[in-house]
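This report concerns only the one structure given below.
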Amino acid sequence: MNIQMVDLRAQVAALRDDLDAAIAEVLSSGAFVRGPFVQRFEEQLGAYYGGAHVLGVGNGTDALQLAYMAAGIGPGDDVIMPAFTFFATAEAAALLGATPVFVDIDPRTFNLDPTLIEAAITPRTRAIVPVHLFGQSADMDLILEIAERHDLAVIEDAAQAVGARYKGRRVGLMGDAGCLSFYPSKNLGAYGDGGACLSTNLAMDGTLRRLANHGSERKYHNTHIGINSRLDALQAAILSVKLPHLDAWTAARQDTADRYDAHFADLDWVTQPYRAPYADHVFHQYTLRVPADARDALAAHLRAQGIPTMVYYPVPLHRLPVFEPLNMAEGSLPETERAAREVLSLPMHPELTADQIGFIAETIAVFAETYTPVAA
Ligand SMILES: Cc1ncc(COP(=O)(O)O)c(C=O)c1O
């Protein structure tokens, strides 16, 4: 059985004619940077997001940096965020001279624990960054309420959660700006790098656009220090082909998650992904918890059967050498650290078949039967 974490070639094959036509159209037009293909995709994605403003940018990391810049984040500012996320969430803040302030996660959802935020607020705090990890919304009500009370910006890192909802509302639109990634393996992936900033406020969209365009609205009349970050036209045209399929792909991911859950229902040895009642999970990842001392052996056992897995994320950000100056010792974020030891993400993509899912689950069950805990 040929099982992949993500099957990009199968997806290309299914859309090949439409992709070839879209790419040919861009090549014939000569409009490679900005221009009609980017504008069309921004409008289409804006419509998908119920009329939100969408700015296509170079990648999800730039989207975060631009949102942070638009919120006025800079040297001396603190930005509250989880440490159980991809590096870019913190990197973009640090690049601007701000300090990431890491707060522990809710062990069920892997997302920021909102009840721990207030204790981390200082006079330097400027923003809170909920990350909707693995495709499931963070618990937003309390986060938004705290931000309002302390006059903080909320920047949503929705890189893994395109289309996900919180109490019926799309994630990425609840704070000051939302950030998407179109990295190829994302739920809506380009065939290269890409990203977007979402906003519901015209002034914010204008600020983001200016910052992404060298701090200028009018060419050669720069008013701010910005960056150069654009979604390129080829990627925009590809994303326009793919966007109409997003909801069906999401449904297929959810169906896969349901099948995995059904297989694991009687296997106490693994903890299935928790489904928060407030969230529509879009399952960018299907992530189990397993006993920490068995995780690597399980991954090796699966690999030997041709089943790939991934650990997102083995090193929490506060324990990375680059963030050593923050002085966050081992044990300072216990749930984040435990998650980093226990998580294992299984293959997850819309093309996964019921047989493949059954085989993966069966292989895990066989391993679990022979597992004996390492004596403490
Ligand atoms: C949570 C999170 N934030 C930010 C990013 C950065 O996105 P990109 O790789 O497009 O720069 C990613 C993905 O890679 C991500 O998973």
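Within each chain, counting starts at residue 1; across the structure tokens, chains are named A, B, ... in the order shown, with ligands numbered 1 upward in that order.
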Expected answer as a ChimeraX atom specification: residues within 7 Å of ligand 1, only C-alpha atoms and all ligand atoms:
/A:59-62,85-86,88-89,131,133,157-160,181-183,193-195
Identify, on the basis of only C-alpha atoms, every residue whose closest approach to range 235-247 of chain A does not exceed 8 Å; exclude the query and any residue fewer than 2 positions from it along the same chain; express the result as a PDB file with C-alpha atoms, in the first residue's frame.
ATOM      1  CA  ASP A  18      -7.896  23.001 -15.225  1.00  0.00           C
ATOM      2  CA  LEU A  19      -4.438  23.700 -13.797  1.00  0.00           C
ATOM      3  CA  ALA A  22      -4.983  28.375 -15.727  1.00  0.00           C
ATOM      4  CA  ILE A  23      -1.186  28.349 -15.952  1.00  0.00           C
ATOM      5  CA  VAL A  26      -1.114  33.503 -16.939  1.00  0.00           C
ATOM      6  CA  PHE A  37      -5.093  36.889 -11.464  1.00  0.00           C
ATOM      7  CA  VAL A  38      -4.139  37.987  -7.987  1.00  0.00           C
ATOM      8  CA  ARG A  40      -9.493  37.662  -8.902  1.00  0.00           C
ATOM      9  CA  PHE A  41      -8.235  35.197  -6.308  1.00  0.00           C
ATOM     10  CA  GLN A  44     -12.875  34.813  -4.645  1.00  0.00           C
ATOM     11  CA  LEU A  45     -11.322  34.102  -1.268  1.00  0.00           C
ATOM     12  CA  GLY A 163     -12.197  27.450   6.384  1.00  0.00           C
ATOM     13  CA  ASN A 187      -5.517  22.424   3.224  1.00  0.00           C
ATOM     14  CA  LEU A 188      -5.554  25.042   0.453  1.00  0.00           C
ATOM     15  CA  GLY A 189      -2.060  24.744  -0.945  1.00  0.00           C
ATOM     16  CA  ALA A 190      -0.380  26.535  -3.824  1.00  0.00           C
ATOM     17  CA  TYR A 191       2.335  24.891  -5.916  1.00  0.00           C
ATOM     18  CA  GLY A 192       4.982  27.027  -4.337  1.00  0.00           C
ATOM     19  CA  ASP A 193       4.832  29.522  -1.490  1.00  0.00           C
ATOM     20  CA  GLY A 194       1.860  31.761  -0.822  1.00  0.00           C
ATOM     21  CA  LEU A 231       1.284  36.293  -3.899  1.00  0.00           C
ATOM     22  CA  ASP A 232       2.488  35.702  -7.450  1.00  0.00           C
ATOM     23  CA  ALA A 233       0.095  35.443 -10.346  1.00  0.00           C
ATOM     24  CA  TRP A 249     -11.648  18.398   0.513  1.00  0.00           C
ATOM     25  CA  THR A 250     -12.425  19.572   4.037  1.00  0.00           C
ATOM     26  CA  ALA A 251     -15.409  17.208   4.176  1.00  0.00           C
TER      27      ALA A 251
END
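Closest approach to Trp269 in chain A from the set A:Leu173, A:Met348, A:Leu27, A:Ala368 is made by A:Ala368, with distances taken over only C-alpha atoms.
With only C-alpha atoms as the atoms that count, the minimum distance from Gln39 in chain A to the choices A:His132, A:Arg230, A:Gln272, A:Arg259 is reached by A:Arg230.
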Just give me the gap between CA of Thr363 in chain A and CA of Pro184 in chain A in Å, one decimal is fine.
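Separating CA of Thr363 in chain A from CA of Pro184 in chain A is a distance of 28.1 Å.
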Find the spatial neighbours of Pro334 in chain A, counting only C-alpha atoms, within a cut-off of 12 Å - ignore same-chain residues fewer than 4 positions away - and output them as a list in words.
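Result of the neighbour search: Ala83, Phe84, Phe102, Val103, Asp104, Ile105, Asp106, Pro107, Pro316, His318, Arg319, Met328, Ala329, Glu330, Arg338, Ala339, Ala340 and Arg341 of chain A.
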Could you save the residues just selected, with C-alpha atoms, as an mmCIF file, in the first residue's frame?
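And here's result_4.cif as it stands now:
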data_model
loop_
_atom_site.group_PDB
_atom_site.id
_atom_site.type_symbol
_atom_site.label_atom_id
_atom_site.label_comp_id
_atom_site.auth_asym_id
_atom_site.auth_seq_id
_atom_site.Cartn_x
_atom_site.Cartn_y
_atom_site.Cartn_z
ATOM 1 C CA ALA A 83 4.965 27.729 22.228
ATOM 2 C CA PHE A 84 3.306 24.688 20.654
ATOM 3 C CA PHE A 102 4.774 31.908 25.617
ATOM 4 C CA VAL A 103 1.674 30.737 27.436
ATOM 5 C CA ASP A 104 0.772 27.089 28.016
ATOM 6 C CA ILE A 105 -1.836 25.185 26.029
ATOM 7 C CA ASP A 106 -5.096 23.463 26.824
ATOM 8 C CA PRO A 107 -3.985 19.809 26.705
ATOM 9 C CA PRO A 316 8.379 23.565 21.915
ATOM 10 C CA HIS A 318 10.497 28.091 24.449
ATOM 11 C CA ARG A 319 13.018 25.225 24.521
ATOM 12 C CA MET A 328 12.111 29.450 30.176
ATOM 13 C CA ALA A 329 13.412 26.318 31.868
ATOM 14 C CA GLU A 330 12.170 22.806 31.263
ATOM 15 C CA ARG A 338 4.063 16.910 27.497
ATOM 16 C CA ALA A 339 2.351 17.406 24.136
ATOM 17 C CA ALA A 340 5.736 17.627 22.417
ATOM 18 C CA ARG A 341 6.607 14.214 23.898
#
Out of A:Glu118, A:Asp78, A:Glu156, A:Asp113, which residue has the shortest atom-to-atom distance to Thr336 in chain A when counting only C-alpha atoms?
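Selected residue with least distance to Thr336 in chain A: A:Asp113.
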Nearest to Gly358 in chain A among A:Ala279, A:Leu95, A:Ala262, A:Ala90, with distances taken over only C-alpha atoms: which residue is it?
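Closest to Gly358 in chain A, using only C-alpha atoms: A:Ala262.
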Report as a PyMOL selection string all protein, DNA and RNA residues lying within 12 Å of Ala93 in chain A, evaluated on only C-alpha atoms, omitting residues in the same chain fewer than 3 positions from it.
chain A and resi 61-81+87-90+96-101+126-129+155
When DSSP works through the backbone of this structure, what residues of range 144-283 of chain A end up as strand (DSSP E), shown as a ChimeraX atom specification?
/A:153-157,165-166,169-170,177-181,195-199,279-280
As a PyMOL selection string, which residues of range 55-224 of chain A does DSSP assign to helix (DSSP H, G or I)?
chain A and resi 60-70+88-95+114-116+118-120+133-135+140-150+202-212
Please, what distance in Å, to one decimal, runs between CA of Asp176 in chain A and CA of Val154 in chain A?
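Spanning CA of Asp176 in chain A to CA of Val154 in chain A is a straight-line distance of 5.5 Å.
Neighbouring residues of Val282 in chain A at 8 Å or closer, counting only C-alpha atoms and skipping chain neighbours under 4 positions away, are Phe134, Gly135, Gln136, Ala161, Val162, Gly163, Ala164, Thr250, Ala251, Arg253 and Gln254 of chain A.
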Selection to disk with all heavy atoms, as a short mmCIF file (atom, residue, chain, number, x, y, z; two decimals), in the first residue's frame:
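Printed below is out28.cif as written:
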data_model
loop_
_atom_site.label_atom_id
_atom_site.label_comp_id
_atom_site.auth_asym_id
_atom_site.auth_seq_id
_atom_site.Cartn_x
_atom_site.Cartn_y
_atom_site.Cartn_z
N PHE A 134 -3.54 22.66 13.94
CA PHE A 134 -3.99 21.40 13.32
C PHE A 134 -5.35 21.56 12.62
O PHE A 134 -5.93 20.57 12.18
CB PHE A 134 -4.06 20.26 14.35
CG PHE A 134 -2.75 19.95 15.04
CD1 PHE A 134 -2.72 19.44 16.33
CD2 PHE A 134 -1.55 20.16 14.38
CE1 PHE A 134 -1.52 19.14 16.96
CE2 PHE A 134 -0.33 19.87 15.01
CZ PHE A 134 -0.33 19.36 16.30
N GLY A 135 -5.88 22.79 12.57
CA GLY A 135 -7.16 23.01 11.89
C GLY A 135 -8.32 23.22 12.82
O GLY A 135 -9.47 23.27 12.37
N GLN A 136 -8.04 23.33 14.13
CA GLN A 136 -9.13 23.54 15.09
C GLN A 136 -8.99 24.91 15.75
O GLN A 136 -7.92 25.28 16.23
CB GLN A 136 -9.11 22.45 16.16
CG GLN A 136 -10.19 22.65 17.23
CD GLN A 136 -10.51 21.38 17.99
OE1 GLN A 136 -11.61 20.86 17.91
NE2 GLN A 136 -9.57 20.89 18.75
N ALA A 161 -5.65 26.49 9.30
CA ALA A 161 -7.09 26.39 9.57
C ALA A 161 -7.96 27.12 8.56
O ALA A 161 -8.99 27.69 8.92
CB ALA A 161 -7.36 26.92 10.98
N VAL A 162 -7.57 27.06 7.28
CA VAL A 162 -8.41 27.73 6.28
C VAL A 162 -9.82 27.10 6.30
O VAL A 162 -9.95 25.88 6.31
CB VAL A 162 -7.76 27.65 4.87
CG1 VAL A 162 -7.66 26.22 4.36
CG2 VAL A 162 -8.51 28.53 3.87
N GLY A 163 -10.81 27.93 6.42
CA GLY A 163 -12.20 27.45 6.38
C GLY A 163 -12.74 26.99 7.73
O GLY A 163 -13.94 26.74 7.86
N ALA A 164 -11.89 26.88 8.75
CA ALA A 164 -12.36 26.41 10.06
C ALA A 164 -13.26 27.46 10.70
O ALA A 164 -13.22 28.64 10.34
CB ALA A 164 -11.18 26.12 10.98
N THR A 250 -12.28 19.50 2.57
CA THR A 250 -12.42 19.57 4.04
C THR A 250 -13.36 18.46 4.52
O THR A 250 -13.08 17.78 5.51
CB THR A 250 -12.97 20.96 4.45
OG1 THR A 250 -12.03 21.95 4.03
CG2 THR A 250 -13.16 21.06 5.96
N ALA A 251 -14.46 18.27 3.80
CA ALA A 251 -15.41 17.21 4.18
C ALA A 251 -14.72 15.84 4.12
O ALA A 251 -14.94 14.98 4.99
CB ALA A 251 -16.63 17.24 3.26
N ARG A 253 -11.51 15.27 4.59
CA ARG A 253 -10.62 15.21 5.77
C ARG A 253 -11.43 14.87 7.02
O ARG A 253 -10.99 14.04 7.84
CB ARG A 253 -9.94 16.57 5.98
CG ARG A 253 -8.84 16.89 5.00
CD ARG A 253 -8.36 18.33 5.18
NE ARG A 253 -7.30 18.64 4.26
CZ ARG A 253 -6.01 18.35 4.45
NH1 ARG A 253 -5.63 17.77 5.57
NH2 ARG A 253 -5.10 18.65 3.55
N GLN A 254 -12.60 15.50 7.15
CA GLN A 254 -13.43 15.24 8.34
C GLN A 254 -13.91 13.80 8.34
O GLN A 254 -13.98 13.14 9.39
CB GLN A 254 -14.59 16.24 8.38
CG GLN A 254 -14.10 17.66 8.69
CD GLN A 254 -15.12 18.74 8.41
OE1 GLN A 254 -16.03 18.55 7.58
NE2 GLN A 254 -14.98 19.88 9.07
#
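Within 9 Å of Tyr260 in chain A, once only C-alpha atoms are used and residues closer than 3 positions along the same chain are dropped, the contacting residues are Asp255, Thr256, Ala257, His263, Phe264, Ala265, Gln272, Tyr286, Ile357, Gly358, Ile360 and Ala361 of chain A.
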Leaving out Ala294 in chain A and any residue of its chain fewer than 3 positions from it, which residues lie within 9 Å of it when counting only C-alpha atoms, given as an mmCIF file with N, CA, C and O atoms, in the first residue's frame?
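Writing the result to out15.cif gives the following:
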data_model
loop_
_atom_site.group_PDB
_atom_site.id
_atom_site.type_symbol
_atom_site.label_atom_id
_atom_site.label_comp_id
_atom_site.auth_asym_id
_atom_site.auth_seq_id
_atom_site.Cartn_x
_atom_site.Cartn_y
_atom_site.Cartn_z
ATOM 1 N N VAL A 290 0.109 9.460 22.303
ATOM 2 C CA VAL A 290 0.439 8.086 22.697
ATOM 3 C C VAL A 290 1.422 8.177 23.861
ATOM 4 O O VAL A 290 2.010 9.238 24.085
ATOM 5 N N PRO A 291 1.637 7.077 24.616
ATOM 6 C CA PRO A 291 2.602 7.158 25.714
ATOM 7 C C PRO A 291 3.965 7.628 25.189
ATOM 8 O O PRO A 291 4.459 7.126 24.173
ATOM 9 N N ALA A 297 9.093 4.410 18.953
ATOM 10 C CA ALA A 297 9.026 3.006 18.526
ATOM 11 C C ALA A 297 7.782 2.771 17.655
ATOM 12 O O ALA A 297 7.839 2.037 16.665
ATOM 13 N N LEU A 298 6.683 3.405 18.024
ATOM 14 C CA LEU A 298 5.475 3.278 17.191
ATOM 15 C C LEU A 298 5.718 3.871 15.802
ATOM 16 O O LEU A 298 5.357 3.257 14.785
ATOM 17 N N ALA A 299 6.340 5.027 15.761
ATOM 18 C CA ALA A 299 6.613 5.662 14.463
ATOM 19 C C ALA A 299 7.486 4.756 13.604
ATOM 20 O O ALA A 299 7.247 4.589 12.408
ATOM 21 N N GLU A 342 4.343 13.525 23.362
ATOM 22 C CA GLU A 342 3.308 12.491 23.133
ATOM 23 C C GLU A 342 2.642 12.508 21.759
ATOM 24 O O GLU A 342 1.985 11.548 21.393
ATOM 25 N N TYR A 371 2.887 -3.490 23.496
ATOM 26 C CA TYR A 371 3.562 -2.425 24.236
ATOM 27 C C TYR A 371 3.602 -2.720 25.724
ATOM 28 O O TYR A 371 2.582 -3.045 26.332
ATOM 29 N N THR A 372 4.782 -2.622 26.320
ATOM 30 C CA THR A 372 4.862 -2.677 27.775
ATOM 31 C C THR A 372 5.537 -1.390 28.242
ATOM 32 O O THR A 372 6.585 -1.018 27.716
ATOM 33 N N PRO A 373 4.894 -0.708 29.186
ATOM 34 C CA PRO A 373 5.452 0.583 29.596
ATOM 35 C C PRO A 373 6.858 0.422 30.178
ATOM 36 O O PRO A 373 7.134 -0.569 30.841
ATOM 37 N N VAL A 374 7.684 1.402 29.900
ATOM 38 C CA VAL A 374 9.021 1.421 30.484
ATOM 39 C C VAL A 374 8.849 1.700 31.978
ATOM 40 O O VAL A 374 8.116 2.598 32.361
#
